[in-house]
>>> print(open('run-v6.csv').read())   # CSV, C-alpha atoms
chain,number,residue,atom,x,y,z
A,420,MET,CA,160.7,280.8,-140.7
A,421,SER,CA,163.2,278.1,-141.3
A,422,GLN,CA,163.0,274.5,-140.2
A,423,ILE,CA,166.0,275.0,-137.9
A,424,GLN,CA,164.4,278.1,-136.3
A,425,ASP,CA,161.2,276.2,-135.7
A,426,TYR,CA,163.2,273.3,-134.1
A,427,PHE,CA,165.1,275.7,-131.8
A,428,ASP,CA,161.9,277.5,-130.9
A,429,GLU,CA,160.3,274.2,-130.0
A,430,LEU,CA,163.4,273.3,-127.9
A,431,LYS,CA,163.2,276.6,-125.9
A,432,LEU,CA,159.4,276.1,-125.4
A,433,LYS,CA,160.0,272.7,-123.9
A,434,LEU,CA,162.6,274.1,-121.6
A,435,MET,CA,160.2,276.8,-120.5
A,436,GLU,CA,157.4,274.3,-119.8
A,437,SER,CA,159.6,271.8,-118.0
A,438,GLU,CA,158.8,271.2,-114.4
A,439,ILE,CA,162.5,270.4,-113.6
A,440,ILE,CA,164.1,273.4,-115.3
A,441,GLU,CA,164.3,276.4,-112.9
A,442,GLY,CA,165.7,278.6,-115.6
A,443,PHE,CA,168.0,278.7,-118.7
A,444,GLN,CA,170.1,281.1,-120.7
A,445,ILE,CA,170.9,280.9,-124.4
A,446,LYS,CA,174.7,281.3,-124.6
A,447,LYS,CA,174.9,281.2,-128.4
A,448,GLU,CA,172.5,280.8,-131.2
A,449,ARG,CA,173.3,281.0,-134.9
A,450,ILE,CA,171.0,280.1,-137.8
A,451,THR,CA,171.5,280.1,-141.5
A,452,ILE,CA,169.3,278.7,-144.3
A,453,THR,CA,171.1,275.3,-144.2
A,454,ASP,CA,172.4,274.9,-140.6
A,455,GLY,CA,172.2,276.1,-137.1
A,456,TYR,CA,174.0,276.0,-133.7
A,457,ILE,CA,172.6,276.5,-130.2
A,458,ARG,CA,174.2,276.4,-126.8
A,459,ILE,CA,172.1,276.5,-123.7
A,460,GLN,CA,173.0,276.7,-120.0
A,461,GLY,CA,170.3,275.8,-117.5
A,462,LYS,CA,169.6,275.3,-113.8
A,463,LEU,CA,167.5,272.4,-112.5
A,464,ILE,CA,165.2,272.8,-109.5
A,465,ASN,CA,167.5,270.8,-107.3
A,466,GLY,CA,170.4,273.2,-108.0
A,467,ASP,CA,172.3,271.1,-110.6
A,468,LEU,CA,173.6,272.8,-113.7
A,469,ILE,CA,173.2,271.6,-117.3
A,470,GLU,CA,174.8,272.8,-120.4
A,471,PHE,CA,174.2,271.4,-123.9
A,472,SER,CA,174.7,272.4,-127.5
A,473,GLU,CA,173.5,271.1,-130.9
A,474,TYR,CA,174.7,271.6,-134.4
A,475,CYS,CA,171.9,270.9,-137.0
A,476,LYS,CA,171.7,270.8,-140.7
A,477,PHE,CA,168.7,270.9,-143.0
A,478,HIS,CA,168.6,269.5,-146.5
A,479,ASN,CA,165.5,267.5,-147.1
A,480,GLU,CA,165.0,267.0,-143.3
A,481,MET,CA,166.4,268.2,-140.0
A,482,VAL,CA,169.4,266.3,-138.8
A,483,VAL,CA,171.3,266.8,-135.5
A,484,GLU,CA,174.9,266.5,-136.7
A,485,GLU,CA,176.7,267.0,-133.4
A,486,TYR,CA,175.7,267.5,-129.8
A,487,THR,CA,177.3,268.0,-126.4
A,488,PHE,CA,175.8,267.6,-122.9
A,489,HIS,CA,177.2,268.3,-119.5
A,490,TRP,CA,175.5,267.9,-116.1
A,491,GLN,CA,177.0,269.2,-112.9
A,492,ASP,CA,175.7,268.7,-109.4
>>> encode(input="run-v6.csv", output="structure tokens")
Amino acid sequence: MSQIQDYFDELKLKLMESEIIEGFQIKKERITITDGYIRIQGKLINGDLIEFSEYCKFHNEMVVEEYTFHWQD
């Protein structure tokens, strides 16, 4: 597995284990040897919605190049 795949898997695991996330959906996920993109939409236990995305690159280490975050109540 690639470093980026491992990172995305860890991110999804944290969302599954979170006590404040009721559920989430992967809207888009793309992984290559050198970079990756993930977009996730989730629902919090209070009914609020969140959506975020990350674009990552891997050369000698994992680096989050860009991210977005939106929280809607």
>>> closest_residue(input="run-v6.csv", among="A:Met435, A:Arg458, A:Val482, A:Gln444", to="Ile423 of chain A", atoms="only C-alpha atoms")
A:Val482
>>> closest_residue(input="run-v6.csv", among="A:Asp492, A:Glu448, A:Glu441, A:Glu436", to="Lys462 of chain A", atoms="all atoms listed in the file")
A:Glu441
>>> residues_around(input="run-v6.csv", residues="Glu470 of chain A", least_positions_apart="4", cutoff="12 Å", atoms="all atoms listed in the file", output="count of residues only")
21
>>> atom_distance(input="run-v6.csv", atom1="atom CA of Gly466 of chain A", atom2="atom CA of Lys431 of chain A")
19.6 Å
>>> residues_near_point(input="run-v6.csv", point="(171.2, 279.0, -137.6)", cutoff="12 Å", atoms="only C-alpha atoms", output="compact mmCIF listing (two decimals) with C-alpha atoms, in the coordinates of the input")
# COMPACT_ATOMS: atom_id res chain seq x y z
CA MET A 420 160.70 280.80 -140.70
CA SER A 421 163.20 278.10 -141.30
CA GLN A 422 163.00 274.50 -140.20
CA ILE A 423 166.00 275.00 -137.90
CA GLN A 424 164.40 278.10 -136.30
CA ASP A 425 161.20 276.20 -135.70
CA TYR A 426 163.20 273.30 -134.10
CA PHE A 427 165.10 275.70 -131.80
CA ASP A 428 161.90 277.50 -130.90
CA LYS A 447 174.90 281.20 -128.40
CA GLU A 448 172.50 280.80 -131.20
CA ARG A 449 173.30 281.00 -134.90
CA ILE A 450 171.00 280.10 -137.80
CA THR A 451 171.50 280.10 -141.50
CA ILE A 452 169.30 278.70 -144.30
CA THR A 453 171.10 275.30 -144.20
CA ASP A 454 172.40 274.90 -140.60
CA GLY A 455 172.20 276.10 -137.10
CA TYR A 456 174.00 276.00 -133.70
CA ILE A 457 172.60 276.50 -130.20
CA ARG A 458 174.20 276.40 -126.80
CA GLU A 473 173.50 271.10 -130.90
CA TYR A 474 174.70 271.60 -134.40
CA CYS A 475 171.90 270.90 -137.00
CA LYS A 476 171.70 270.80 -140.70
CA PHE A 477 168.70 270.90 -143.00
>>> atom_distance(input="run-v6.csv", atom1="atom CA of Glu484 of chain A", atom2="atom CA of Ile464 of chain A")
29.6 Å
>>> atom_distance(input="run-v6.csv", atom1="atom CA of Ser472 of chain A", atom2="atom CA of Leu434 of chain A")
13.6 Å
>>> decode(input="run-v6.csv", residues="segment 457-469 of chain A", atoms="N, CA, C and O atoms", output="JSON list (two decimals), in the first residue's frame")
[["chain", "number", "residue", "atom", "x", "y", "z"],
["A", 457, "ILE", "N", -9.09, 13.33, -1.61],
["A", 457, "ILE", "CA", -10.26, 12.73, -0.98],
["A", 457, "ILE", "C", -11.24, 13.84, -0.61],
["A", 457, "ILE", "O", -10.83, 14.93, -0.19],
["A", 458, "ARG", "N", -12.53, 13.57, -0.83],
["A", 458, "ARG", "CA", -13.60, 14.49, -0.43],
["A", 458, "ARG", "C", -14.63, 13.69, 0.35],
["A", 458, "ARG", "O", -15.11, 12.66, -0.13],
["A", 459, "ILE", "N", -14.95, 14.16, 1.55],
["A", 459, "ILE", "CA", -15.84, 13.44, 2.45],
["A", 459, "ILE", "C", -16.95, 14.36, 2.93],
["A", 459, "ILE", "O", -16.71, 15.53, 3.25],
["A", 460, "GLN", "N", -18.16, 13.83, 2.97],
["A", 460, "GLN", "CA", -19.31, 14.55, 3.50],
["A", 460, "GLN", "C", -19.79, 13.75, 4.72],
["A", 460, "GLN", "O", -19.91, 12.53, 4.65],
["A", 461, "GLY", "N", -20.04, 14.46, 5.81],
["A", 461, "GLY", "CA", -20.44, 13.77, 7.02],
["A", 461, "GLY", "C", -21.57, 14.46, 7.75],
["A", 461, "GLY", "O", -21.88, 15.63, 7.49],
["A", 462, "LYS", "N", -22.18, 13.71, 8.66],
["A", 462, "LYS", "CA", -23.25, 14.25, 9.50],
["A", 462, "LYS", "C", -22.84, 14.08, 10.95],
["A", 462, "LYS", "O", -22.42, 13.00, 11.36],
["A", 463, "LEU", "N", -22.96, 15.17, 11.71],
["A", 463, "LEU", "CA", -22.63, 15.13, 13.13],
["A", 463, "LEU", "C", -23.86, 14.67, 13.92],
["A", 463, "LEU", "O", -24.99, 14.72, 13.42],
["A", 464, "ILE", "N", -23.65, 14.26, 15.15],
["A", 464, "ILE", "CA", -24.76, 13.73, 15.95],
["A", 464, "ILE", "C", -25.80, 14.81, 16.27],
["A", 464, "ILE", "O", -26.94, 14.49, 16.56],
["A", 465, "ASN", "N", -25.42, 16.09, 16.18],
["A", 465, "ASN", "CA", -26.39, 17.17, 16.44],
["A", 465, "ASN", "C", -27.15, 17.58, 15.17],
["A", 465, "ASN", "O", -27.93, 18.51, 15.19],
["A", 466, "GLY", "N", -26.88, 16.88, 14.04],
["A", 466, "GLY", "CA", -27.58, 17.18, 12.80],
["A", 466, "GLY", "C", -26.81, 18.08, 11.85],
["A", 466, "GLY", "O", -27.20, 18.24, 10.69],
["A", 467, "ASP", "N", -25.74, 18.72, 12.32],
["A", 467, "ASP", "CA", -24.92, 19.57, 11.45],
["A", 467, "ASP", "C", -24.26, 18.72, 10.37],
["A", 467, "ASP", "O", -24.04, 17.52, 10.54],
["A", 468, "LEU", "N", -23.95, 19.37, 9.24],
["A", 468, "LEU", "CA", -23.28, 18.71, 8.14],
["A", 468, "LEU", "C", -21.87, 19.27, 7.99],
["A", 468, "LEU", "O", -21.66, 20.47, 8.18],
["A", 469, "ILE", "N", -20.93, 18.41, 7.65],
["A", 469, "ILE", "CA", -19.57, 18.84, 7.35],
["A", 469, "ILE", "C", -19.17, 18.26, 6.01],
["A", 469, "ILE", "O", -19.65, 17.21, 5.59]]
